[in-house]
>>> print(open('work17.txt').read())   # compact mmCIF, C-alpha atoms and all ligand atoms
# COMPACT_ATOMS: atom_id res chain seq x y z
CA MET A 185 0.00 0.00 0.00
CA THR A 186 1.39 3.42 -0.91
CA LEU A 187 0.47 6.24 1.44
CA LEU A 188 0.26 9.90 0.54
CA LEU A 189 3.36 10.68 2.60
CA ASP A 190 5.27 7.92 0.82
CA ARG A 191 5.24 10.06 -2.33
CA PRO A 192 7.85 12.81 -1.68
CA SER A 193 7.80 14.03 -5.26
CA GLN A 194 4.03 14.42 -5.18
CA GLN A 195 4.21 16.12 -1.79
CA THR A 196 6.87 18.48 -3.12
CA LEU A 197 4.68 19.28 -6.10
CA LEU A 198 1.80 20.05 -3.74
CA GLU A 199 3.88 22.58 -1.81
CA LEU A 200 5.32 24.15 -4.95
CA LYS A 201 4.98 27.96 -5.31
CA ARG A 202 6.90 28.33 -8.57
CA ILE A 203 5.10 30.15 -11.39
CA LEU A 204 6.04 30.30 -15.06
CA ILE A 205 5.11 33.57 -16.77
CA VAL A 206 4.90 33.33 -20.55
CA ASP A 207 4.44 36.59 -22.43
CA ASP A 208 6.11 38.04 -25.48
CA GLU A 209 5.92 41.58 -23.97
CA GLU A 210 8.83 42.01 -21.61
CA PRO A 211 7.20 44.79 -19.46
CA ILE A 212 4.19 42.54 -18.81
CA ARG A 213 6.47 39.61 -17.91
CA ARG A 214 8.47 41.76 -15.53
CA LEU A 215 5.37 43.34 -13.98
CA LEU A 216 3.72 40.01 -13.34
CA GLY A 217 7.01 38.61 -12.01
CA TYR A 218 7.45 41.49 -9.64
CA MET A 219 3.84 41.36 -8.37
CA LEU A 220 4.03 37.66 -7.65
CA GLN A 221 7.53 37.67 -6.14
CA THR A 222 6.55 40.37 -3.67
CA HIS A 223 3.81 38.04 -2.49
CA GLY A 224 6.07 35.06 -1.88
CA TYR A 225 5.98 33.28 -5.21
CA GLU A 226 9.04 32.12 -7.12
CA THR A 227 8.78 33.15 -10.75
CA VAL A 228 10.43 32.12 -14.01
CA LEU A 229 9.96 34.16 -17.19
CA ALA A 230 9.56 32.89 -20.74
CA SER A 231 9.28 35.07 -23.86
CA ASP A 232 7.37 32.65 -26.11
CA ALA A 233 5.93 29.15 -26.36
CA ARG A 234 9.25 27.61 -27.35
CA ASP A 235 11.02 29.20 -24.38
CA ALA A 236 8.15 28.04 -22.12
CA ARG A 237 8.59 24.44 -23.26
CA VAL A 238 12.29 24.56 -22.36
CA LYS A 239 11.53 26.00 -18.89
CA LEU A 240 8.80 23.40 -18.29
CA GLU A 241 11.27 20.65 -19.17
CA GLU A 242 13.81 22.00 -16.69
CA GLN A 243 11.70 22.04 -13.53
CA PRO A 244 8.13 21.65 -12.28
CA PHE A 245 5.74 24.58 -11.96
CA ALA A 246 2.64 25.02 -9.84
CA LEU A 247 1.17 27.50 -12.26
CA MET A 248 1.69 28.94 -15.72
CA LEU A 249 0.42 32.41 -16.58
CA CYS A 250 0.26 32.31 -20.34
CA ASP A 251 -0.32 35.08 -22.84
CA VAL A 252 -2.83 34.15 -25.54
CA ASN A 253 -1.37 36.08 -28.46
CA MET A 254 2.30 35.50 -29.05
CA PRO A 255 4.40 35.29 -32.18
CA GLY A 256 4.91 31.68 -33.31
CA GLU A 257 2.90 29.14 -31.40
CA SER A 258 -0.06 30.84 -29.68
CA GLY A 259 -0.68 30.56 -25.97
CA MET A 260 -3.86 28.55 -26.63
CA ASP A 261 -1.98 26.01 -28.76
CA LEU A 262 0.82 25.79 -26.22
CA VAL A 263 -1.64 25.07 -23.38
CA ARG A 264 -3.65 22.63 -25.51
CA ASN A 265 -0.50 20.70 -26.41
CA ILE A 266 1.33 20.55 -23.09
CA LEU A 267 -1.42 20.34 -20.45
CA SER A 268 -1.67 16.53 -20.48
CA GLN A 269 2.12 16.35 -20.26
CA TYR A 270 2.17 18.47 -17.08
CA PRO A 271 -1.02 17.57 -15.18
CA SER A 272 0.32 19.15 -11.97
CA THR A 273 0.69 22.58 -13.54
CA ALA A 274 -2.34 24.89 -13.38
CA VAL A 275 -2.86 27.43 -16.17
CA ILE A 276 -4.29 30.93 -16.27
CA MET A 277 -4.60 32.60 -19.64
CA VAL A 278 -3.65 36.30 -19.97
CA THR A 279 -4.86 38.39 -22.92
CA GLY A 280 -5.59 41.89 -24.08
CA LEU A 281 -8.83 40.76 -25.67
CA ASP A 282 -11.87 40.58 -23.38
CA SER A 283 -13.95 37.99 -25.19
CA SER A 284 -16.37 35.45 -23.73
CA VAL A 285 -15.69 33.15 -26.68
CA LEU A 286 -11.97 33.21 -25.93
CA ALA A 287 -12.64 32.81 -22.21
CA ASN A 288 -14.79 29.72 -22.83
CA ALA A 289 -12.22 28.29 -25.24
CA ALA A 290 -9.51 28.74 -22.57
CA LEU A 291 -11.62 27.00 -19.94
CA ASP A 292 -12.47 24.24 -22.42
CA ILE A 293 -8.84 23.33 -22.97
CA GLY A 294 -8.29 23.13 -19.21
CA ALA A 295 -7.24 26.59 -18.07
CA PHE A 296 -8.29 27.48 -14.53
CA GLY A 297 -8.81 31.17 -15.19
CA TYR A 298 -8.66 34.08 -17.57
CA ILE A 299 -7.10 37.49 -16.89
CA VAL A 300 -7.67 40.49 -19.16
CA LYS A 301 -5.00 43.16 -19.63
CA PRO A 302 -4.71 45.71 -18.20
CA PHE A 303 -5.06 44.00 -14.86
CA GLU A 304 -5.04 45.10 -11.25
CA SER A 305 -2.49 43.59 -8.90
CA ASN A 306 -5.18 42.29 -6.55
CA GLU A 307 -7.09 40.72 -9.42
CA VAL A 308 -4.01 38.76 -10.48
CA LEU A 309 -3.17 37.71 -6.93
CA ILE A 310 -6.74 36.52 -6.26
CA ASP A 311 -6.91 34.58 -9.53
CA VAL A 312 -3.50 33.01 -8.87
CA ALA A 313 -4.43 32.06 -5.30
CA ASN A 314 -7.75 30.55 -6.46
CA ALA A 315 -6.08 28.61 -9.25
CA LEU A 316 -3.45 27.24 -6.85
CA ARG A 317 -6.14 26.28 -4.30
CA ARG A 318 -8.11 24.43 -6.97
CA ARG A 319 -4.93 22.77 -8.23
CA ARG A 320 -4.11 21.61 -4.71
CA LEU A 321 -7.61 20.13 -4.23
CA GLU A 322 -7.47 18.35 -7.56
CA MET A 323 -4.03 16.93 -6.79
CA GLU A 324 -5.11 15.76 -3.35
CA ASN A 325 -8.18 14.13 -4.85
CA ARG A 326 -6.07 12.45 -7.48
CA LEU A 327 -3.59 11.21 -4.89
CA GLN A 328 -6.39 9.90 -2.68
CA ARG A 329 -7.94 8.13 -5.65
CA GLU A 330 -4.58 6.58 -6.54
CA ASN A 331 -4.12 5.63 -2.90
CA LEU A 332 -7.54 3.95 -2.86
CA GLU A 333 -6.77 2.19 -6.12
CA ASP A 334 -3.52 0.96 -4.56
CA ILE A 335 -5.44 -0.37 -1.54
CA VAL A 336 -8.03 -2.07 -3.75
CA ARG A 337 -5.29 -3.52 -5.95
CA THR A 338 -3.32 -4.80 -2.95
CA ARG A 339 -6.37 -6.31 -1.28
CA THR A 340 -7.61 -7.84 -4.51
CA MET A 341 -4.22 -9.45 -4.96
CA ALA A 342 -4.27 -10.74 -1.36
CA LEU A 343 -7.78 -12.10 -1.92
CA GLN A 344 -6.73 -13.80 -5.14
CA GLN A 345 -3.75 -15.37 -3.40
CA ALA A 346 -5.98 -16.58 -0.56
CA LEU A 347 -8.44 -18.05 -3.06
CA GLU A 348 -5.64 -19.76 -4.97
CA TRP A 349 -4.32 -21.17 -1.70
CA LEU A 350 -7.80 -22.39 -0.77
CA GLU A 351 -8.24 -23.97 -4.19
CA ARG A 352 -4.87 -25.69 -3.88
CA SER A 353 -5.70 -26.91 -0.37
CA GLU A 354 -9.12 -28.10 -1.47
CA LYS A 355 -7.60 -29.95 -4.42
CA GLU A 356 -4.92 -31.54 -2.24
CA LEU A 357 -7.56 -32.54 0.30
CA ARG A 358 -9.76 -34.04 -2.41
CA LEU A 359 -6.87 -35.95 -4.00
CA SER A 360 -5.69 -37.17 -0.62
CA ARG A 361 -9.22 -38.28 0.31
CA GLU A 362 -9.60 -40.03 -3.03
CA GLU A 363 -6.25 -41.77 -2.70
CA THR A 364 -7.03 -42.86 0.87
CA ILE A 365 -10.30 -44.37 -0.33
CA GLN A 366 -8.57 -46.13 -3.21
CA ARG A 367 -5.84 -47.54 -0.96
CA LEU A 368 -8.39 -48.77 1.58
CA ALA A 369 -10.33 -50.37 -1.24
CA ILE A 370 -7.14 -51.97 -2.58
CA ALA A 371 -6.42 -53.33 0.91
CA ALA A 372 -9.80 -55.05 0.89
CA GLU A 373 -9.47 -56.30 -2.69
CA TYR A 374 -5.82 -57.31 -2.41
CA ARG A 375 -6.63 -60.56 -0.61
CA ASP A 376 -8.40 -62.08 -3.57
CA GLY A 377 -5.84 -60.88 -6.09
CA ALA A 378 -7.71 -57.91 -7.53
CA THR A 379 -5.41 -55.10 -8.62
CA ALA A 380 -5.40 -51.37 -8.11
CA GLN A 381 -6.27 -51.05 -11.76
CA HIS A 382 -9.54 -52.90 -11.14
CA ILE A 383 -10.46 -50.10 -8.73
CA HIS A 384 -9.68 -47.45 -11.35
CA ARG A 385 -11.50 -49.25 -14.16
CA MET A 386 -14.54 -49.97 -12.02
CA SER A 387 -14.84 -46.38 -10.80
CA HIS A 388 -14.41 -44.94 -14.30
CA TYR A 389 -16.94 -47.37 -15.80
CA CYS A 390 -19.36 -46.25 -13.07
CA GLU A 391 -18.71 -42.58 -13.77
CA LEU A 392 -19.09 -43.11 -17.53
CA LEU A 393 -22.40 -44.91 -17.13
CA ALA A 394 -23.74 -42.38 -14.63
CA ARG A 395 -22.84 -39.56 -17.00
CA LYS A 396 -24.32 -41.22 -20.07
CA TYR A 397 -27.46 -41.96 -18.06
CA GLY A 398 -27.76 -38.24 -17.35
CA LEU A 399 -26.95 -37.88 -13.67
CA SER A 400 -25.58 -34.52 -12.54
CA ALA A 401 -21.84 -33.89 -12.81
CA GLU A 402 -21.64 -33.71 -9.02
CA ARG A 403 -23.39 -37.08 -8.61
CA CYS A 404 -21.18 -38.67 -11.27
CA GLU A 405 -18.07 -37.47 -9.45
CA LEU A 406 -19.41 -38.86 -6.16
CA ILE A 407 -20.14 -42.20 -7.80
CA ARG A 408 -16.64 -42.27 -9.31
CA THR A 409 -14.93 -41.58 -6.00
CA ALA A 410 -17.23 -43.74 -3.85
CA SER A 411 -17.48 -46.85 -6.05
CA PRO A 412 -13.97 -48.18 -5.23
CA MET A 413 -15.34 -49.13 -1.82
CA HIS A 414 -18.03 -51.44 -3.23
CA ASP A 415 -16.28 -54.59 -1.99
CA ILE A 416 -14.85 -53.19 1.24
CA GLY A 417 -17.02 -55.72 3.14
CA LYS A 418 -14.77 -58.50 1.85
CA ILE A 419 -12.43 -57.79 4.76
CA GLY A 420 -15.03 -59.73 6.76
CA THR A 421 -14.96 -62.75 4.42
CA PRO A 422 -12.78 -65.68 5.61
CA ASP A 423 -9.86 -66.69 3.36
CA HIS A 424 -11.10 -70.23 2.72
CA VAL A 425 -14.19 -68.77 1.08
CA LEU A 426 -12.74 -65.65 -0.48
CA LEU A 427 -9.80 -67.45 -2.04
CA LYS A 428 -11.63 -70.60 -3.10
CA PRO A 429 -10.89 -71.12 -6.82
CA GLY A 430 -13.92 -73.28 -7.70
CA LYS A 431 -17.66 -72.91 -7.30
CA PHE A 432 -19.12 -71.98 -3.93
CA THR A 433 -21.30 -74.35 -1.96
CA PRO A 434 -24.61 -72.80 -0.90
CA GLU A 435 -23.15 -72.21 2.58
CA GLU A 436 -20.04 -70.55 1.15
CA PHE A 437 -22.20 -68.43 -1.11
CA ASP A 438 -24.08 -67.24 1.97
CA VAL A 439 -20.77 -66.27 3.55
CA ILE A 440 -19.43 -64.38 0.52
CA SER A 441 -22.82 -62.70 0.07
CA GLN A 442 -22.47 -61.09 3.43
CA HIS A 443 -19.76 -58.74 2.11
CA ALA A 444 -22.48 -56.43 0.77
CA GLU A 445 -24.11 -56.13 4.18
CA ILE A 446 -20.74 -55.90 5.99
CA GLY A 447 -19.57 -53.17 3.60
CA TYR A 448 -22.78 -51.25 4.22
CA ARG A 449 -22.34 -51.49 7.99
CA ILE A 450 -18.73 -50.30 7.74
CA LEU A 451 -19.65 -47.27 5.65
CA ASP A 452 -23.12 -46.37 6.93
CA GLY A 453 -23.83 -43.57 9.40
CA SER A 454 -21.45 -40.93 8.09
CA ASP A 455 -22.54 -37.38 7.33
CA ALA A 456 -20.11 -37.28 4.42
CA GLU A 457 -21.92 -37.58 1.10
CA ILE A 458 -19.14 -39.70 -0.38
CA LEU A 459 -19.48 -42.31 2.37
CA LYS A 460 -23.28 -42.27 2.05
CA VAL A 461 -22.95 -43.07 -1.66
CA ALA A 462 -20.24 -45.65 -0.91
CA ALA A 463 -22.50 -47.35 1.65
CA LEU A 464 -25.35 -47.42 -0.87
CA ILE A 465 -23.15 -48.96 -3.58
CA ALA A 466 -21.63 -51.53 -1.20
CA TRP A 467 -25.12 -52.54 -0.10
CA THR A 468 -26.78 -52.77 -3.51
CA HIS A 469 -24.16 -53.69 -6.12
CA HIS A 470 -25.18 -57.38 -6.03
CA GLU A 471 -28.91 -56.79 -6.31
CA ARG A 472 -30.40 -58.00 -9.59
CA TRP A 473 -32.99 -56.32 -11.79
CA ASP A 474 -35.22 -59.44 -11.57
CA GLY A 475 -35.14 -59.47 -7.76
CA ASN A 476 -32.88 -62.53 -7.44
CA GLY A 477 -29.83 -60.68 -6.13
CA TYR A 478 -28.64 -60.07 -2.58
CA PRO A 479 -28.64 -59.08 0.21
CA ARG A 480 -32.25 -57.76 0.14
CA LYS A 481 -33.58 -59.12 -3.15
CA LEU A 482 -34.56 -55.65 -4.30
CA LYS A 483 -36.18 -55.55 -7.72
CA GLY A 484 -36.13 -53.18 -10.72
CA GLU A 485 -36.07 -49.50 -9.90
CA THR A 486 -36.31 -50.15 -6.16
CA ILE A 487 -32.57 -50.83 -6.49
CA PRO A 488 -30.85 -47.42 -6.21
CA ILE A 489 -29.41 -46.22 -9.52
CA GLU A 490 -25.91 -46.21 -7.98
CA GLY A 491 -26.22 -49.94 -7.22
CA ARG A 492 -27.56 -50.76 -10.71
CA ILE A 493 -24.66 -48.83 -12.28
CA ALA A 494 -22.06 -50.53 -10.06
CA ALA A 495 -23.52 -53.97 -10.84
CA ILE A 496 -22.88 -53.50 -14.56
CA ALA A 497 -19.42 -51.93 -14.10
CA ASP A 498 -18.32 -54.63 -11.63
CA ALA A 499 -19.57 -57.54 -13.72
CA PHE A 500 -18.05 -56.15 -16.91
CA ASP A 501 -14.66 -55.68 -15.29
CA ALA A 502 -14.75 -59.13 -13.66
CA LEU A 503 -15.48 -60.73 -17.05
CA THR A 504 -12.79 -58.81 -18.94
CA THR A 505 -10.09 -59.36 -16.32
CA GLN A 506 -8.01 -62.43 -15.68
CA ARG A 507 -8.72 -64.15 -12.35
CA VAL A 508 -7.13 -67.24 -10.80
CA TYR A 509 -10.14 -69.29 -11.85
CA LYS A 510 -10.68 -67.81 -15.35
CA PRO A 511 -8.97 -66.05 -18.26
CA ALA A 512 -9.83 -62.50 -19.30
CA PHE A 513 -12.70 -62.53 -21.79
CA THR A 514 -12.61 -60.20 -24.76
CA LEU A 515 -14.82 -57.13 -24.56
CA ASP A 516 -17.09 -58.57 -27.26
CA HIS A 517 -17.44 -61.82 -25.38
CA ALA A 518 -18.27 -59.93 -22.17
CA VAL A 519 -20.92 -57.95 -24.02
CA GLU A 520 -22.38 -61.18 -25.40
CA LEU A 521 -22.49 -62.83 -21.97
CA MET A 522 -23.98 -59.82 -20.20
CA SER A 523 -26.55 -59.24 -22.95
CA LYS A 524 -28.02 -62.63 -22.11
CA HIS A 525 -28.82 -61.26 -18.66
CA ARG A 526 -30.37 -58.01 -19.88
CA GLY A 527 -33.51 -57.41 -17.85
CA GLU A 528 -32.60 -60.31 -15.54
CA HIS A 529 -29.37 -59.46 -13.79
CA PHE A 530 -28.94 -55.98 -15.23
CA ASP A 531 -31.11 -52.90 -15.68
CA PRO A 532 -31.89 -53.19 -19.43
CA GLU A 533 -31.85 -49.46 -20.13
CA LEU A 534 -28.53 -48.97 -18.33
CA LEU A 535 -26.98 -51.97 -20.05
CA ASP A 536 -27.95 -50.56 -23.45
CA ILE A 537 -26.44 -47.20 -22.55
CA PHE A 538 -23.26 -48.88 -21.32
CA PHE A 539 -22.77 -50.96 -24.46
CA ALA A 540 -23.54 -47.94 -26.64
CA SER A 541 -20.45 -46.30 -25.13
CA MET A 542 -18.00 -49.00 -26.22
CA ASP A 543 -15.36 -46.55 -27.48
CA ASP A 544 -15.18 -44.94 -24.04
CA ILE A 545 -15.23 -48.34 -22.35
CA LYS A 546 -12.27 -49.48 -24.46
CA ARG A 547 -10.36 -46.33 -23.60
CA ILE A 548 -10.84 -46.95 -19.87
CA HIS A 549 -10.06 -50.66 -20.27
CA ASP A 550 -6.78 -49.91 -22.09
CA ARG A 551 -5.75 -46.95 -19.98
CA TYR A 552 -6.05 -48.91 -16.74
CA ALA A 553 -4.84 -52.27 -18.00
CA ASP A 554 -3.39 -54.48 -15.28
CA PRO A 555 0.40 -54.07 -14.91
CA SER A 556 2.68 -57.10 -14.85
CA SER A 557 3.13 -56.68 -11.11
CA PRO A 558 0.17 -55.75 -8.93
CA GLY A 559 0.29 -52.56 -6.90
CA ILE A 560 -1.11 -49.12 -6.67
CA VAL A 561 -0.73 -47.21 -9.90
CA PRO A 562 -1.54 -43.55 -9.42
CA GLU A 563 -3.99 -41.99 -11.85
CA SER A 564 -2.34 -39.70 -14.34
FE FE A 601 -19.02 -57.36 -4.51
>>> encode(input="work17.txt", output="structure tokens")
Amino acid sequence: MTLLLDRPSQQTLLELKRILIVDDEEPIRRLLGYMLQTHGYETVLASDARDARVKLEEQPFALMLCDVNMPGESGMDLVRNILSQYPSTAVIMVTGLDSSVLANAALDIGAFGYIVKPFESNEVLIDVANALRRRRLEMENRLQRENLEDIVRTRTMALQQALEWLERSEKELRLSREETIQRLAIAAEYRDGATAQHIHRMSHYCELLARKYGLSAERCELIRTASPMHDIGKIGTPDHVLLKPGKFTPEEFDVISQHAEIGYRILDGSDAEILKVAALIAWTHHERWDGNGYPRKLKGETIPIEGRIAAIADAFDALTTQRVYKPAFTLDHAVELMSKHRGEHFDPELLDIFFASMDDIKRIHDRYADPSSPGIVPES
């Protein structure tokens, strides 16, 4: 912030009492000089416009008393041309012609006053004092305005920096929350050999399907970040069931089925929207459209949309990924297999939307292909 007192040159200009007298008639120049000097002003004399320009270049002036009619460049032209160059110099025009047209023209180009020859000493002194008072007020106003602009500029910059910092912090917090969720999900999935890339593929398939279905951008983002936790309940599934390579017995199926309920209980009860969505997905991603899923045998649209989306994304990724008990099916084969369960296992409308987005599906499938060694691969 720049204060008024921090501007010595401006302050000096404010206190200035130096006056430039421009007149081609030497007696007038001398008379004006004498009158003003005897009243405490410092004066400099110039015989024409050219001389005035030189004097103006040499030092600053508080005021210029300028004759209108001079040989060469006229006083009016001089003032018109140099006023913007010397905004701190006030101008009073001096002329032998008492004309309202000339007076108005002088005021129009920025002169503060107009003195007609012959003049009285008091008249000149009053006009000079008034012009200097007005100049001082205008300069103070200008300085205050600049000062205010400085304050606004400084505070705006501080506000922008604070906002940028907040944005950075918010982004870091979001990324850290997302990574924590992914790593927790990996921890749960790691036991049965699923990779970090499965988490990425699954969450991006979910986001893709939610978006194509027409959910809001905010909901799609929540589904993308919450869906990695769909199988978190598997931490409650014993190894001999979870890692069994062959088919489950009915009793083992009951045990593995509990992961949906366990996941829900782990995630339920939070005020955080992401955990609410995660709990919903964990609870409902094994429900089936025909009501033969688990854990609650919900049917059709009574299954939350998040669960219906996750069911398709999870099944598609399981089919197209190599597991200990099966090879990875091609995308076309997965489509063929899942199509047979359209309207049975899967929401038919959602399945159609998903398969209509095959280019995007392939991109996700390739981008997050399983690496040769399992581990957490950060998203790029
Ligand atoms: Fe599951």
>>> atom_distance(input="work17.txt", atom1="atom CA of Ala313 of chain A", atom2="atom CA of Gln243 of chain A")
20.7 Å
>>> closest_residue(input="work17.txt", among="A:Asp452, A:Glu257, A:Asp208, A:Asp550", to="Val278 of chain A", atoms="only C-alpha atoms")
A:Asp208
>>> closest_residue(input="work17.txt", among="A:Leu332, A:Ala494, A:Met277, A:Ala371", to="ligand FE 601 (chain A)", atoms="only C-alpha atoms and all ligand atoms")
A:Ala494
>>> residues_near_ligand(input="work17.txt", ligand="ligand FE 601 (chain A)", cutoff="10 Å", atoms="only C-alpha atoms and all ligand atoms", output="PDB file with C-alpha atoms, in the frame of the given file")
ATOM      1  CA  GLU A 373      -9.470 -56.300  -2.690  1.00  0.00           C
ATOM      2  CA  MET A 413     -15.340 -49.130  -1.820  1.00  0.00           C
ATOM      3  CA  HIS A 414     -18.030 -51.440  -3.230  1.00  0.00           C
ATOM      4  CA  ASP A 415     -16.280 -54.590  -1.990  1.00  0.00           C
ATOM      5  CA  ILE A 416     -14.850 -53.190   1.240  1.00  0.00           C
ATOM      6  CA  GLY A 417     -17.020 -55.720   3.140  1.00  0.00           C
ATOM      7  CA  LYS A 418     -14.770 -58.500   1.850  1.00  0.00           C
ATOM      8  CA  ILE A 440     -19.430 -64.380   0.520  1.00  0.00           C
ATOM      9  CA  SER A 441     -22.820 -62.700   0.070  1.00  0.00           C
ATOM     10  CA  GLN A 442     -22.470 -61.090   3.430  1.00  0.00           C
ATOM     11  CA  HIS A 443     -19.760 -58.740   2.110  1.00  0.00           C
ATOM     12  CA  ALA A 444     -22.480 -56.430   0.770  1.00  0.00           C
ATOM     13  CA  GLY A 447     -19.570 -53.170   3.600  1.00  0.00           C
ATOM     14  CA  ILE A 465     -23.150 -48.960  -3.580  1.00  0.00           C
ATOM     15  CA  ALA A 466     -21.630 -51.530  -1.200  1.00  0.00           C
ATOM     16  CA  TRP A 467     -25.120 -52.540  -0.100  1.00  0.00           C
ATOM     17  CA  THR A 468     -26.780 -52.770  -3.510  1.00  0.00           C
ATOM     18  CA  HIS A 469     -24.160 -53.690  -6.120  1.00  0.00           C
ATOM     19  CA  HIS A 470     -25.180 -57.380  -6.030  1.00  0.00           C
ATOM     20  CA  ALA A 494     -22.060 -50.530 -10.060  1.00  0.00           C
ATOM     21  CA  ALA A 495     -23.520 -53.970 -10.840  1.00  0.00           C
ATOM     22  CA  ASP A 498     -18.320 -54.630 -11.630  1.00  0.00           C
ATOM     23  CA  ALA A 499     -19.570 -57.540 -13.720  1.00  0.00           C
TER      24      ALA A 499
END
>>> atom_distance(input="work17.txt", atom1="atom CA of Pro479 of chain A", atom2="atom CA of Ile450 of chain A")
15.2 Å
>>> atom_distance(input="work17.txt", atom1="atom CA of Asp376 of chain A", atom2="atom CA of Asp438 of chain A")
17.4 Å
>>> closest_residue(input="work17.txt", among="A:Lys428, A:Leu464, A:Thr227, A:Glu520", to="Glu445 of chain A", atoms="only C-alpha atoms")
A:Leu464
